[in-house]
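Below is one structure, written out as structure tokens; the observations come after it.
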Amino acid sequence: MARVGGLLPDDGDPGYGFQYAGVKGRATFVIPTRITARFFFRINVEVGRVPRRVEQDGWANQFRPLLGFDNGYVLIDFNPIFGYALTGPDRFKVDLEPAGRFSINTQKGFALGAE
């Protein structure tokens with residue numbers, strides 16, 4: 001399964017309000033859980049252009065793979081986000097932002113966990 005979309009991020013600064021913060025395109029690819037059972041696999045690919053006041057390099061991209069397990073009670077996922085600028089002095093220098101989540105579904109309409 002695949003989805004394609006766009007983002008129009010804004011930048012909120014005290015005293016300035018919300019300002020235009022660029023444009024991003026995103027494509028998401030998902031392996032259906034009917035194939036992977038309780039495991040899930042997804043990757044988001046983003047390419048964007050942001051004003052220099054937001055990001056020095058202007059053009060950048062991100063890859064967001066998401067690997068996880070969810071049995072209805074316990075959810076565990078790992079999201080090793082990495083990206084790099086496409087322009088500017090730091091172009092093609094990889095930036096890694098690993099993330100993860102663990103939660104327990106209370107079966108009462110909410111989950112408890114840490115991210």
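Letters for chains follow the order of the structure tokens (A, B, ...), residue numbers begin at 1 for each chain, and ligand numbers begin at 1 in the order shown.
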
Which residues are close to Asn61 in chain A, i.e. within 10 Å by only C-alpha atoms, leaving aside same-chain residues fewer than 2 positions away? Reply as a PDB file with C-alpha atoms, in the first residue's frame.
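This is the output file part.pdb:
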ATOM      1  CA  LYS A  24       7.109  19.191   1.926  1.00  0.00           C
ATOM      2  CA  GLY A  25       6.062  16.212  -0.132  1.00  0.00           C
ATOM      3  CA  ARG A  26       5.650  12.817   1.496  1.00  0.00           C
ATOM      4  CA  VAL A  45      10.036   9.546   2.519  1.00  0.00           C
ATOM      5  CA  GLU A  46       9.888  13.355   2.685  1.00  0.00           C
ATOM      6  CA  VAL A  47      11.458  16.020   0.497  1.00  0.00           C
ATOM      7  CA  GLY A  48      10.968  19.636   1.410  1.00  0.00           C
ATOM      8  CA  ARG A  49      11.961  23.231   0.881  1.00  0.00           C
ATOM      9  CA  TRP A  59      16.244  21.725   0.598  1.00  0.00           C
ATOM     10  CA  PHE A  63      13.561   8.754   5.605  1.00  0.00           C
ATOM     11  CA  PHE A  82      17.544   9.794   9.190  1.00  0.00           C
ATOM     12  CA  GLY A  83      17.864  12.571   6.693  1.00  0.00           C
ATOM     13  CA  TYR A  84      20.225  14.982   5.059  1.00  0.00           C
ATOM     14  CA  ALA A  85      20.265  18.383   3.422  1.00  0.00           C
ATOM     15  CA  LEU A  86      20.265  18.458  -0.366  1.00  0.00           C
ATOM     16  CA  PHE A  92      24.582  14.873   2.145  1.00  0.00           C
TER      17      PHE A  92
END

Can you check which residues of chain A DSSP gives as helix (DSSP H, G or I) on the backbone and send them as a PDB file with C-alpha atoms, in the first residue's frame?
ATOM      1  CA  THR A  33      -0.444  -6.548   8.275  1.00  0.00           C
ATOM      2  CA  ARG A  34      -2.330  -9.378   6.567  1.00  0.00           C
ATOM      3  CA  ILE A  35       1.145 -10.365   5.299  1.00  0.00           C
ATOM      4  CA  THR A  36       3.147  -9.563   8.451  1.00  0.00           C
TER       5      THR A  36
END

| query | What lies within 6 Å of range 94-106 of chain A using only C-alpha atoms, ignoring chain neighbours under 5 positions off, as a list of chain:residue names? | reply |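 Everything that qualifies: A:Tyr73, A:Val74, A:Leu75, A:Ile76, A:Asp77, A:Phe78, A:Asn79, A:Pro80, A:Ile81, A:Phe82, A:Gly83, A:Tyr84, A:Ala111, A:Leu112, A:Gly113, A:Ala114, A:Glu115.
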
Can you pull out every residue within 9 Å of Pro32 in chain A, counting only C-alpha atoms, but drop anything in the same chain fewer than 5 positions away, and send it as a PDB file with N, CA and C atoms, in the first residue's frame?
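selection21.pdb was written with the following content:
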ATOM      1  N   MET A   1       0.843  -1.162   0.000  1.00  0.00           N
ATOM      2  CA  MET A   1       0.000   0.000   0.000  1.00  0.00           C
ATOM      3  C   MET A   1       0.897   1.236   0.000  1.00  0.00           C
ATOM      4  N   ALA A  37       1.286 -10.221   9.893  1.00  0.00           N
ATOM      5  CA  ALA A  37       0.604 -10.599  11.151  1.00  0.00           C
ATOM      6  C   ALA A  37       0.695  -9.468  12.167  1.00  0.00           C
ATOM      7  N   PHE A  40       4.577  -4.792  12.011  1.00  0.00           N
ATOM      8  CA  PHE A  40       4.276  -3.808  10.976  1.00  0.00           C
ATOM      9  C   PHE A  40       5.562  -3.139  10.506  1.00  0.00           C
ATOM     10  N   PHE A  41       5.548  -2.776   9.223  1.00  0.00           N
ATOM     11  CA  PHE A  41       6.695  -2.166   8.567  1.00  0.00           C
ATOM     12  C   PHE A  41       6.196  -1.046   7.674  1.00  0.00           C
TER      13      PHE A  41
END

| Can you list every residue in chain A that DSSP puts in strand (DSSP E or B), as an NGL selection string? | :A and (2-7 or 10-13 or 17-20 or 23-31 or 39-49 or 59-70 or 74-85 or 91 or 95-105 or 111-114)

| What gap, in Å, lies between CA of Asn44 in chain A and CA of Asp57 in chain A? |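 CA of Asp57 in chain A lies 20.9 Å from CA of Asn44 in chain A.
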
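Counting only C-alpha atoms, Arg38 in chain A has the following residues at most 6 Å away, ignoring those fewer than 2 positions along the same chain: Phe69, Asp70 and Asn71 of chain A.
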
Restricted to N, CA and C atoms, what would the selected residues look like written as a PDB file, in the first residue's frame?
ATOM      1  N   PHE A  69       5.745  -4.070  16.567  1.00  0.00           N
ATOM      2  CA  PHE A  69       4.951  -5.230  16.950  1.00  0.00           C
ATOM      3  C   PHE A  69       3.751  -4.721  17.742  1.00  0.00           C
ATOM      4  N   ASP A  70       2.569  -5.239  17.435  1.00  0.00           N
ATOM      5  CA  ASP A  70       1.357  -4.846  18.156  1.00  0.00           C
ATOM      6  C   ASP A  70       0.437  -6.064  18.234  1.00  0.00           C
ATOM      7  N   ASN A  71       0.210  -6.553  19.448  1.00  0.00           N
ATOM      8  CA  ASN A  71      -0.689  -7.701  19.610  1.00  0.00           C
ATOM      9  C   ASN A  71      -2.029  -7.304  20.223  1.00  0.00           C
TER      10      ASN A  71
END

| message | Report, in Å with one decimal, the straight-line distance from CA of Val23 in chain A to CA of Leu67 in chain A. | response | 26.7 Å

| Top pick for closest residue to Pro51 in chain A, considering A:Gly15, A:Tyr20, A:Phe110, A:Pro89 and counting only C-alpha atoms |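 Counting only C-alpha atoms, the residue closest to Pro51 in chain A is A:Tyr20.
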
| said: One decimal, in Å: what's the spacing between CA of Pro65 in chain A and CA of Val4 in chain A? | reply: 15.7 Å

| said: Measuring between only C-alpha atoms, which one of A:Asp11, A:Arg53, A:Arg64, A:Gly58 shows the shortest distance to Phe29 in chain A? | reply: A:Arg64
